[in-house]
$ cat work_25.cif   # mmCIF, C-alpha atoms
data_start
loop_
_atom_site.label_atom_id
_atom_site.label_comp_id
_atom_site.auth_asym_id
_atom_site.auth_seq_id
_atom_site.Cartn_x
_atom_site.Cartn_y
_atom_site.Cartn_z
CA TRP O 1 -69.11 -10.90 47.76
CA GLY O 2 -69.95 -8.51 50.58
CA TRP O 3 -68.16 -8.19 53.91
CA THR O 4 -70.45 -10.67 55.69
CA SER O 5 -70.46 -13.40 53.04
CA GLY O 6 -69.04 -16.81 53.88
CA ARG O 7 -66.24 -16.54 51.35
CA THR O 8 -65.08 -13.13 52.64
CA LEU O 9 -65.17 -14.19 56.29
CA GLY O 10 -63.45 -17.47 55.40
CA LEU O 11 -60.59 -15.66 53.67
CA LEU O 12 -60.17 -13.24 56.58
CA ALA O 13 -60.10 -16.17 59.01
CA ALA O 14 -57.50 -17.92 56.85
CA VAL O 15 -55.36 -14.76 56.93
CA VAL O 16 -55.44 -14.74 60.73
CA VAL O 17 -54.59 -18.45 61.04
CA VAL O 18 -51.83 -18.50 58.43
CA GLY O 19 -50.37 -15.22 59.70
CA ALA O 20 -50.21 -16.55 63.26
CA TRP O 21 -48.62 -19.79 62.04
CA PHE O 22 -46.04 -17.87 60.02
CA GLY O 23 -45.16 -15.67 62.99
CA LEU O 24 -44.72 -18.64 65.32
CA ARG O 25 -42.62 -20.54 62.82
CA SER O 26 -40.43 -17.50 62.18
CA ALA O 27 -39.93 -17.08 65.92
CA ARG O 28 -38.99 -20.73 66.55
CA HIS O 29 -37.17 -21.83 63.38
CA ALA O 30 -33.37 -21.89 63.40
CA THR O 31 -33.16 -20.17 60.00
CA PRO O 32 -36.48 -18.38 59.42
CA LEU O 33 -37.52 -16.77 56.16
CA LEU O 34 -37.97 -13.46 58.01
CA THR O 35 -35.88 -12.81 61.12
CA LEU O 36 -38.76 -11.20 63.01
CA HIS O 37 -36.92 -11.25 66.34
CA ARG O 38 -34.77 -8.39 65.06
CA LEU O 39 -37.83 -6.16 65.28
CA ARG O 40 -37.28 -6.17 69.05
CA LEU O 41 -34.41 -3.74 68.48
CA PRO O 42 -36.10 -0.32 68.88
CA ARG O 43 -34.79 1.32 65.72
CA VAL O 44 -35.31 -1.79 63.59
CA GLY O 45 -38.88 -2.16 64.81
CA VAL O 46 -39.68 1.52 64.28
CA ALA O 47 -38.06 1.53 60.83
CA GLY O 48 -39.86 -1.67 59.83
CA GLY O 49 -43.21 -0.35 61.00
CA GLY O 50 -42.67 2.98 59.26
CA THR O 51 -41.63 1.27 56.04
CA PHE O 52 -44.75 -0.89 56.13
CA LEU O 53 -47.18 1.98 56.75
CA PHE O 54 -45.52 4.29 54.24
CA GLY O 55 -45.41 1.49 51.67
CA VAL O 56 -49.18 1.10 51.91
CA ALA O 57 -49.66 4.85 51.44
CA PHE O 58 -47.23 4.92 48.51
CA ALA O 59 -49.00 2.07 46.71
CA VAL O 60 -52.38 3.77 47.19
CA MET O 61 -50.99 7.00 45.75
CA LEU O 62 -49.29 5.43 42.74
CA LEU O 63 -52.14 3.20 41.55
CA SER O 64 -54.84 5.77 42.31
CA ASN O 65 -53.11 8.39 40.17
CA VAL O 66 -52.87 5.98 37.25
CA LEU O 67 -56.53 4.97 37.56
CA TRP O 68 -57.62 8.59 37.91
CA CYS O 69 -55.79 9.74 34.79
CA GLN O 70 -56.90 6.82 32.61
CA ASP O 71 -60.42 6.04 33.86
CA VAL O 72 -61.64 9.47 35.02
CA TRP O 73 -59.70 11.87 32.80
CA HIS O 74 -59.62 9.28 29.97
CA TRP O 75 -55.98 9.87 29.18
CA SER O 76 -53.94 7.34 27.24
CA ALA O 77 -51.39 5.14 28.99
CA LEU O 78 -48.55 7.14 27.40
CA ARG O 79 -49.96 10.51 28.46
CA THR O 80 -50.57 9.17 31.96
CA GLY O 81 -47.01 7.90 32.24
CA VAL O 82 -45.57 11.23 31.14
CA ALA O 83 -47.83 13.10 33.57
CA LEU O 84 -46.54 11.00 36.48
CA VAL O 85 -42.85 11.49 35.66
CA PRO O 86 -42.18 14.49 38.01
CA GLY O 87 -42.81 12.49 41.18
CA PRO O 88 -40.55 9.49 40.49
CA ALA O 89 -37.93 11.77 38.91
CA LEU O 90 -37.59 13.67 42.19
CA VAL O 91 -37.15 10.54 44.34
CA PRO O 92 -33.52 9.63 43.42
CA ILE O 93 -32.48 13.29 43.49
CA VAL O 94 -33.90 13.90 46.95
CA THR O 95 -32.61 10.54 48.21
CA ALA O 96 -29.08 11.43 47.10
CA LEU O 97 -29.28 14.79 48.84
CA THR O 98 -30.44 13.20 52.10
CA ALA O 99 -27.14 11.37 52.64
CA ARG O 100 -25.41 14.53 53.87
CA ALA O 101 -28.50 15.64 55.79
CA VAL O 102 -28.63 12.31 57.67
CA ARG O 103 -25.07 12.78 58.90
CA ARG O 104 -25.96 16.21 60.20
CA PHE O 105 -29.50 15.80 61.54
CA GLY O 106 -30.04 12.05 61.89
CA HIS O 107 -32.78 9.88 60.39
CA GLY O 108 -35.68 11.12 62.50
CA PRO O 109 -36.09 14.67 61.16
CA LEU O 110 -36.01 13.49 57.55
CA VAL O 111 -38.68 10.86 58.18
CA VAL O 112 -40.86 13.45 59.94
CA ALA O 113 -40.47 15.95 57.10
CA GLY O 114 -40.99 13.34 54.40
CA GLY O 115 -44.07 11.86 56.02
CA LEU O 116 -45.68 15.27 56.42
CA LEU O 117 -44.87 16.26 52.84
CA PHE O 118 -46.39 13.06 51.50
CA ALA O 119 -49.49 13.61 53.65
CA ALA O 120 -49.72 17.12 52.24
CA ALA O 121 -49.55 15.68 48.72
CA MET O 122 -52.49 13.39 49.43
CA LEU O 123 -54.53 16.12 51.11
CA TRP O 124 -53.82 18.40 48.14
CA ARG O 125 -55.57 15.88 45.92
CA VAL O 126 -58.47 15.61 48.36
CA ALA O 127 -58.97 19.37 48.22
CA MET O 128 -58.11 20.15 44.60
CA VAL O 129 -59.20 17.12 42.60
CA SER O 130 -61.50 17.76 39.66
CA VAL O 131 -63.11 15.38 37.20
CA THR O 132 -62.23 17.94 34.53
CA PRO O 133 -58.54 17.54 33.64
CA ASP O 134 -56.49 20.29 35.30
CA TYR O 135 -52.99 18.92 35.56
CA PRO O 136 -51.09 22.07 36.73
CA ARG O 137 -53.59 22.74 39.54
CA ASP O 138 -54.58 19.22 40.55
CA LEU O 139 -51.99 16.52 39.90
CA LEU O 140 -48.64 18.27 39.35
CA PRO O 141 -48.30 19.91 42.81
CA SER O 142 -49.24 16.61 44.44
CA MET O 143 -46.60 14.75 42.42
CA ILE O 144 -43.91 17.25 43.41
CA LEU O 145 -44.82 17.11 47.11
CA GLY O 146 -45.19 13.34 47.02
CA GLY O 147 -41.94 12.69 45.17
CA THR O 148 -40.05 14.85 47.66
CA GLY O 149 -41.73 13.03 50.55
CA VAL O 150 -40.86 9.60 49.18
CA GLY O 151 -37.24 10.63 48.62
CA LEU O 152 -36.95 11.84 52.21
CA THR O 153 -38.78 8.96 53.86
CA LEU O 154 -38.43 5.58 52.21
CA GLY O 155 -34.66 5.26 51.84
CA THR O 156 -34.13 6.95 55.21
CA LEU O 157 -36.34 4.41 57.01
CA ILE O 158 -34.54 1.49 55.42
CA ALA O 159 -31.16 2.99 56.29
CA ALA O 160 -32.25 3.67 59.88
CA GLY O 161 -33.17 0.03 60.35
CA VAL O 162 -30.12 -1.47 58.69
CA GLN O 163 -27.52 0.83 60.24
CA SER O 164 -28.66 -0.05 63.76
CA LEU O 165 -27.69 -3.71 63.25
CA PRO O 166 -24.27 -5.29 63.71
CA GLY O 167 -22.22 -5.42 60.53
CA THR O 168 -22.68 -9.18 60.25
CA ARG O 169 -26.48 -8.79 60.24
CA THR O 170 -26.99 -5.91 57.82
CA ALA O 171 -27.89 -8.18 54.89
CA THR O 172 -30.68 -10.00 56.75
CA GLY O 173 -31.82 -6.74 58.33
CA SER O 174 -32.07 -5.06 54.95
CA ALA O 175 -34.00 -8.05 53.59
CA LEU O 176 -36.41 -7.86 56.52
CA VAL O 177 -37.17 -4.16 56.11
CA ASN O 178 -37.44 -4.43 52.33
CA SER O 179 -39.80 -7.40 52.70
CA PHE O 180 -42.13 -5.16 54.67
CA ARG O 181 -42.04 -2.68 51.80
CA GLN O 182 -43.00 -5.34 49.25
CA ILE O 183 -45.78 -6.78 51.43
CA SER O 184 -47.14 -3.31 52.11
CA SER O 185 -47.28 -2.56 48.39
CA ALA O 186 -49.54 -5.55 47.82
CA LEU O 187 -51.69 -4.52 50.79
CA GLY O 188 -51.94 -0.93 49.53
CA VAL O 189 -53.22 -2.12 46.15
CA ALA O 190 -55.77 -4.35 47.88
CA VAL O 191 -56.97 -1.49 50.10
CA LEU O 192 -57.39 0.86 47.12
CA VAL O 193 -59.28 -1.70 45.06
CA THR O 194 -61.55 -2.37 48.05
CA LEU O 195 -62.30 1.33 48.46
CA LEU O 196 -62.93 1.97 44.75
CA GLY O 197 -64.96 -1.14 43.99
CA SER O 198 -65.33 -2.82 40.61
CA ARG O 199 -66.04 0.32 38.58
CA VAL O 200 -63.98 3.50 38.31
CA ASP O 201 -65.39 6.60 36.62
CA ALA O 202 -66.21 10.26 37.32
CA GLY O 203 -68.62 9.17 40.02
CA SER O 204 -65.78 7.61 42.00
CA ALA O 205 -64.35 10.96 43.15
CA GLY O 206 -65.58 10.43 46.70
CA ASP O 207 -63.97 6.99 46.87
CA PHE O 208 -60.69 8.42 45.60
CA ARG O 209 -60.81 11.17 48.22
CA LEU O 210 -61.30 8.54 50.91
CA ALA O 211 -58.30 6.58 49.62
CA TRP O 212 -56.10 9.69 49.56
CA ALA O 213 -57.21 10.68 53.05
CA PHE O 214 -56.34 7.16 54.23
CA ALA O 215 -52.88 7.45 52.66
CA ALA O 216 -52.42 10.86 54.30
CA ALA O 217 -53.29 9.39 57.71
CA LEU O 218 -50.74 6.60 57.28
CA SER O 219 -48.12 9.17 56.29
CA VAL O 220 -48.79 11.20 59.43
CA VAL O 221 -48.34 8.06 61.54
CA THR O 222 -45.06 7.45 59.70
CA ALA O 223 -43.96 10.96 60.62
CA LEU O 224 -44.79 10.21 64.27
CA LEU O 225 -42.59 7.13 64.07
CA GLY O 226 -39.84 9.45 62.85
CA VAL O 227 -40.16 11.23 66.20
CA LEU O 228 -39.36 7.88 67.88
CA LEU O 229 -36.21 7.67 65.78
CA LEU O 230 -35.22 11.05 67.23
CA ARG O 231 -35.33 9.52 70.71
CA ALA O 232 -33.46 6.36 69.76
CA ARG O 233 -30.37 7.57 68.03
CA THR O 234 -27.84 5.10 66.76
CA PRO O 235 -24.94 4.92 69.26
CA ALA O 236 -21.69 6.25 68.01
CA VAL O 237 -19.24 3.56 66.92
CA SER O 238 -15.74 3.91 68.31
CA PRO O 239 -13.05 3.86 65.66
CA ALA O 240 -11.02 0.68 65.48
CA PRO O 241 -7.45 0.88 66.76
CA SER O 242 -5.11 1.80 63.99
CA GLY O 243 -2.11 -0.05 65.35
CA ARG O 244 1.44 1.20 65.88
CA ARG O 245 2.42 4.09 63.66
CA ARG O 246 5.41 3.62 61.41
CA THR O 247 8.17 6.16 61.57
CA SER O 248 10.68 7.04 58.90
CA VAL O 249 14.25 8.06 59.33
#
$ encode --input "work_25.cif" --output "structure tokens"
Amino acid sequence: WGWTSGRTLGLLAAVVVVGAWFGLRSARHATPLLTLHRLRLPRVGVAGGGTFLFGVAFAVMLLSNVLWCQDVWHWSALRTGVALVPGPALVPIVTALTARAVRRFGHGPLVVAGGLLFAAAMLWRVAMVSVTPDYPRDLLPSMILGGTGVGLTLGTLIAAGVQSLPGTRTATGSALVNSFRQISSALGVAVLVTLLGSRVDAGSAGDFRLAWAFAAALSVVTALLGVLLLRARTPAVSPAPSGRRRTSV
């Protein structure tokens, strides 16, 4: 359609109007779909923003790798899926290992490290990508760096937001932060498709590099938000009184 066509401008205007209406309704309704007022809490707002930005970067990375393998390297869907296994396989492993690290270092350092690792994964592709298939040099290192970054960042951001809420509000807080992740995934796909256009082939390398650089920039901003989590630590919770001890004769 082109950026200046009536249909494009009309859709963008509709986004602004409907988004503003949704925000106002969420702020004023007694039981809103998204409890946006909880974003006023510093850690919840930072975690929600980080989850949103990182979710966009993650969606760009995931879909771009699939399109690159199938439409540029001309690999089958099965071969592409197997090639992408190392990244997702690392995510649950790294996430499980972060539980102990969070107790020792807090959420902030892990988000900083994860964001920078994911940015490095995207920049690796910018520098090393080749239209001639070279999986060990091009894609594999990026998948390892990216999977480690996702494992350090995504779950940690969600936990940072939820754990800063009162116990009676953790369910709605978790839903709010996870909603940002889902919305950001849709936005990341839209951004990538916009950058690549309607045709993907070997001549699209420059467009892919731009998409990966964009994802790297979002990851760096996510790491900077991790620095804010360093400054806004969750206050320690005093243990509940245990009551009178029982003695035995």
$ closest_atom_pairs --input "work_25.cif" --of "stretch 53-84 of chain O" --to "stretch 28-47 of chain O" --cutoff "12 Å" --atoms "all atoms listed in the file" --output "Markdown table"
| residue | atom | partner | partner_atom | distance |
| --- | --- | --- | --- | --- |
| O:Leu53 | CA | O:Ala47 | CA | 10.0 |
| O:Phe54 | CA | O:Ala47 | CA | 10.3 |
| O:Gly55 | CA | O:Ala47 | CA | 11.7 |
$ write_last_selection --input "work_25.cif" --atoms "C-alpha atoms" --output "PDB file, in the coordinates of the input"
ATOM      1  CA  LEU O  53     -47.180   1.980  56.750  1.00  0.00           C
ATOM      2  CA  PHE O  54     -45.520   4.290  54.240  1.00  0.00           C
ATOM      3  CA  GLY O  55     -45.410   1.490  51.670  1.00  0.00           C
TER       4      GLY O  55
END
$ residues_around --input "work_25.cif" --residues "O:Leu210" --least-positions-apart "6" --cutoff "12 Å" --atoms "all atoms listed in the file" --output "PDB file with C-alpha atoms, in the coordinates of the input"
ATOM      1  CA  VAL O  60     -52.380   3.770  47.190  1.00  0.00           C
ATOM      2  CA  MET O  61     -50.990   7.000  45.750  1.00  0.00           C
ATOM      3  CA  SER O  64     -54.840   5.770  42.310  1.00  0.00           C
ATOM      4  CA  MET O 122     -52.490  13.390  49.430  1.00  0.00           C
ATOM      5  CA  LEU O 123     -54.530  16.120  51.110  1.00  0.00           C
ATOM      6  CA  ARG O 125     -55.570  15.880  45.920  1.00  0.00           C
ATOM      7  CA  VAL O 126     -58.470  15.610  48.360  1.00  0.00           C
ATOM      8  CA  ALA O 127     -58.970  19.370  48.220  1.00  0.00           C
ATOM      9  CA  VAL O 191     -56.970  -1.490  50.100  1.00  0.00           C
ATOM     10  CA  LEU O 192     -57.390   0.860  47.120  1.00  0.00           C
ATOM     11  CA  VAL O 193     -59.280  -1.700  45.060  1.00  0.00           C
ATOM     12  CA  THR O 194     -61.550  -2.370  48.050  1.00  0.00           C
ATOM     13  CA  LEU O 195     -62.300   1.330  48.460  1.00  0.00           C
ATOM     14  CA  LEU O 196     -62.930   1.970  44.750  1.00  0.00           C
ATOM     15  CA  SER O 204     -65.780   7.610  42.000  1.00  0.00           C
ATOM     16  CA  ALA O 216     -52.420  10.860  54.300  1.00  0.00           C
ATOM     17  CA  ALA O 217     -53.290   9.390  57.710  1.00  0.00           C
TER      18      ALA O 217
END
$ closest_residue --input "work_25.cif" --among "O:Ala99, O:Val111, O:Val94, O:Ala14" --to "O:Val220" --atoms "all atoms listed in the file"
O:Val111
$ atom_distance --input "work_25.cif" --atom1 "atom CA of O:Thr95" --atom2 "atom CA of O:Ile158"
11.7 Å
$ closest_residue --input "work_25.cif" --among "O:Val72, O:Ala160, O:Val91, O:Ala223" --to "O:Phe208" --atoms "all atoms listed in the file"
O:Val72
$ atom_distance --input "work_25.cif" --atom1 "atom CA of O:Gly2" --atom2 "atom CA of O:Phe22"
27.4 Å
$ residues_near_point --input "work_25.cif" --point "(-55.1, 5.1, 51.3)" --cutoff "6 Å" --atoms "only C-alpha atoms" --output "list in words"
Ala57, Val60, Ala211, Trp212, Phe214 and Ala215 of chain O
$ closest_residue --input "work_25.cif" --among "O:Gly23, O:Gly115, O:Gly146, O:Gly226" --to "O:Ala89" --atoms "all atoms listed in the file"
O:Gly146
$ atom_distance --input "work_25.cif" --atom1 "atom CA of O:Val227" --atom2 "atom CA of O:Thr148"
18.9 Å
$ residues_around --input "work_25.cif" --residues "O:Leu116" --least-positions-apart "3" --cutoff "8 Å" --atoms "all atoms listed in the file" --output "PDB file with C-alpha atoms, in the coordinates of the input"
ATOM      1  CA  VAL O 112     -40.860  13.450  59.940  1.00  0.00           C
ATOM      2  CA  ALA O 113     -40.470  15.950  57.100  1.00  0.00           C
ATOM      3  CA  ALA O 119     -49.490  13.610  53.650  1.00  0.00           C
ATOM      4  CA  ALA O 120     -49.720  17.120  52.240  1.00  0.00           C
ATOM      5  CA  GLY O 149     -41.730  13.030  50.550  1.00  0.00           C
ATOM      6  CA  SER O 219     -48.120   9.170  56.290  1.00  0.00           C
ATOM      7  CA  VAL O 220     -48.790  11.200  59.430  1.00  0.00           C
ATOM      8  CA  ALA O 223     -43.960  10.960  60.620  1.00  0.00           C
TER       9      ALA O 223
END
$ residues_around --input "work_25.cif" --residues "O:Pro141" --least-positions-apart "2" --cutoff "12 Å" --atoms "all atoms listed in the file" --output "JSON, numbers by chain"
{"O": [83, 84, 86, 87, 117, 118, 120, 121, 122, 123, 124, 125, 127, 128, 129, 134, 135, 136, 137, 138, 139, 143, 144, 145, 146, 147, 148]}
$ closest_residue --input "work_25.cif" --among "O:Leu11, O:Leu224, O:Leu218, O:Val66" --to "O:Ser184" --atoms "only C-alpha atoms"
O:Leu218
$ closest_residue --input "work_25.cif" --among "O:Leu9, O:Leu154, O:Val15, O:Arg25" --to "O:Pro92" --atoms "all atoms listed in the file"
O:Leu154
$ closest_residue --input "work_25.cif" --among "O:Leu229, O:Val221, O:Leu152, O:Val200" --to "O:Leu67" --atoms "only C-alpha atoms"
O:Val200
$ resolve_selection --input "work_25.cif" --expression "the PyMOL selection byres ((chain O and resi 181) around 6)" --output "list of chain:residue names"
O:Thr51, O:Phe52, O:Gly55, O:Asn178, O:Ser179, O:Phe180, O:Gln182, O:Ile183, O:Ser184
$ decode --input "work_25.cif" --residues "stretch 83-95 of chain O" --atoms "all heavy atoms" --output "short mmCIF file (atom, residue, chain, number, x, y, z; two decimals), in the first residue's frame"
data_model
loop_
_atom_site.label_atom_id
_atom_site.label_comp_id
_atom_site.auth_asym_id
_atom_site.auth_seq_id
_atom_site.Cartn_x
_atom_site.Cartn_y
_atom_site.Cartn_z
N ALA O 83 17.76 -27.50 13.04
CA ALA O 83 18.84 -26.51 13.15
C ALA O 83 18.58 -25.50 14.25
O ALA O 83 19.52 -24.98 14.88
CB ALA O 83 19.01 -25.78 11.82
N LEU O 84 17.31 -25.22 14.54
CA LEU O 84 16.96 -24.22 15.55
C LEU O 84 16.83 -24.81 16.96
O LEU O 84 16.58 -24.07 17.91
CB LEU O 84 15.65 -23.53 15.17
CG LEU O 84 15.64 -22.78 13.84
CD1 LEU O 84 14.30 -22.09 13.62
CD2 LEU O 84 16.77 -21.76 13.77
N VAL O 85 16.99 -26.10 17.10
CA VAL O 85 16.82 -26.75 18.40
C VAL O 85 17.76 -26.21 19.49
O VAL O 85 17.34 -26.01 20.63
CB VAL O 85 16.98 -28.28 18.26
CG1 VAL O 85 17.23 -28.95 19.61
CG2 VAL O 85 15.73 -28.87 17.64
N PRO O 86 19.06 -25.96 19.23
CA PRO O 86 19.97 -25.57 20.31
C PRO O 86 19.51 -24.36 21.12
O PRO O 86 19.64 -24.34 22.35
CB PRO O 86 21.29 -25.28 19.58
CG PRO O 86 21.25 -26.14 18.37
CD PRO O 86 19.81 -26.14 17.95
N GLY O 87 18.93 -23.36 20.46
CA GLY O 87 18.49 -22.18 21.18
C GLY O 87 17.37 -22.48 22.16
O GLY O 87 17.52 -22.25 23.38
N PRO O 88 16.22 -22.98 21.69
CA PRO O 88 15.14 -23.31 22.63
C PRO O 88 15.52 -24.35 23.67
O PRO O 88 15.02 -24.32 24.79
CB PRO O 88 14.04 -23.84 21.70
CG PRO O 88 14.32 -23.21 20.38
CD PRO O 88 15.81 -23.11 20.29
N ALA O 89 16.42 -25.28 23.32
CA ALA O 89 16.82 -26.30 24.29
C ALA O 89 17.57 -25.70 25.47
O ALA O 89 17.50 -26.19 26.60
CB ALA O 89 17.68 -27.36 23.60
N LEU O 90 18.29 -24.61 25.23
CA LEU O 90 19.04 -23.96 26.30
C LEU O 90 18.15 -23.16 27.24
O LEU O 90 18.50 -22.95 28.41
CB LEU O 90 20.11 -23.04 25.71
CG LEU O 90 21.41 -23.68 25.25
CD1 LEU O 90 22.25 -22.66 24.50
CD2 LEU O 90 22.19 -24.22 26.44
N VAL O 91 17.01 -22.68 26.74
CA VAL O 91 16.17 -21.76 27.53
C VAL O 91 15.72 -22.37 28.86
O VAL O 91 15.93 -21.76 29.92
CB VAL O 91 14.97 -21.28 26.70
CG1 VAL O 91 14.01 -20.46 27.58
CG2 VAL O 91 15.45 -20.44 25.53
N PRO O 92 15.09 -23.56 28.89
CA PRO O 92 14.67 -24.10 30.19
C PRO O 92 15.83 -24.44 31.11
O PRO O 92 15.71 -24.32 32.33
CB PRO O 92 13.85 -25.34 29.82
CG PRO O 92 14.34 -25.73 28.47
CD PRO O 92 14.69 -24.46 27.78
N ILE O 93 16.96 -24.84 30.53
CA ILE O 93 18.12 -25.18 31.36
C ILE O 93 18.64 -23.93 32.05
O ILE O 93 18.87 -23.90 33.26
CB ILE O 93 19.21 -25.83 30.50
CG1 ILE O 93 18.71 -27.14 29.88
CG2 ILE O 93 20.47 -26.07 31.33
CD1 ILE O 93 19.66 -27.76 28.89
N VAL O 94 18.83 -22.87 31.27
CA VAL O 94 19.34 -21.62 31.84
C VAL O 94 18.34 -21.02 32.82
O VAL O 94 18.71 -20.52 33.89
CB VAL O 94 19.67 -20.62 30.72
CG1 VAL O 94 20.10 -19.27 31.30
CG2 VAL O 94 20.77 -21.17 29.82
N THR O 95 17.05 -21.09 32.49
CA THR O 95 16.02 -20.55 33.37
C THR O 95 16.05 -21.25 34.72
O THR O 95 15.92 -20.62 35.78
CB THR O 95 14.64 -20.69 32.73
OG1 THR O 95 14.62 -19.98 31.48
CG2 THR O 95 13.56 -20.11 33.63
#
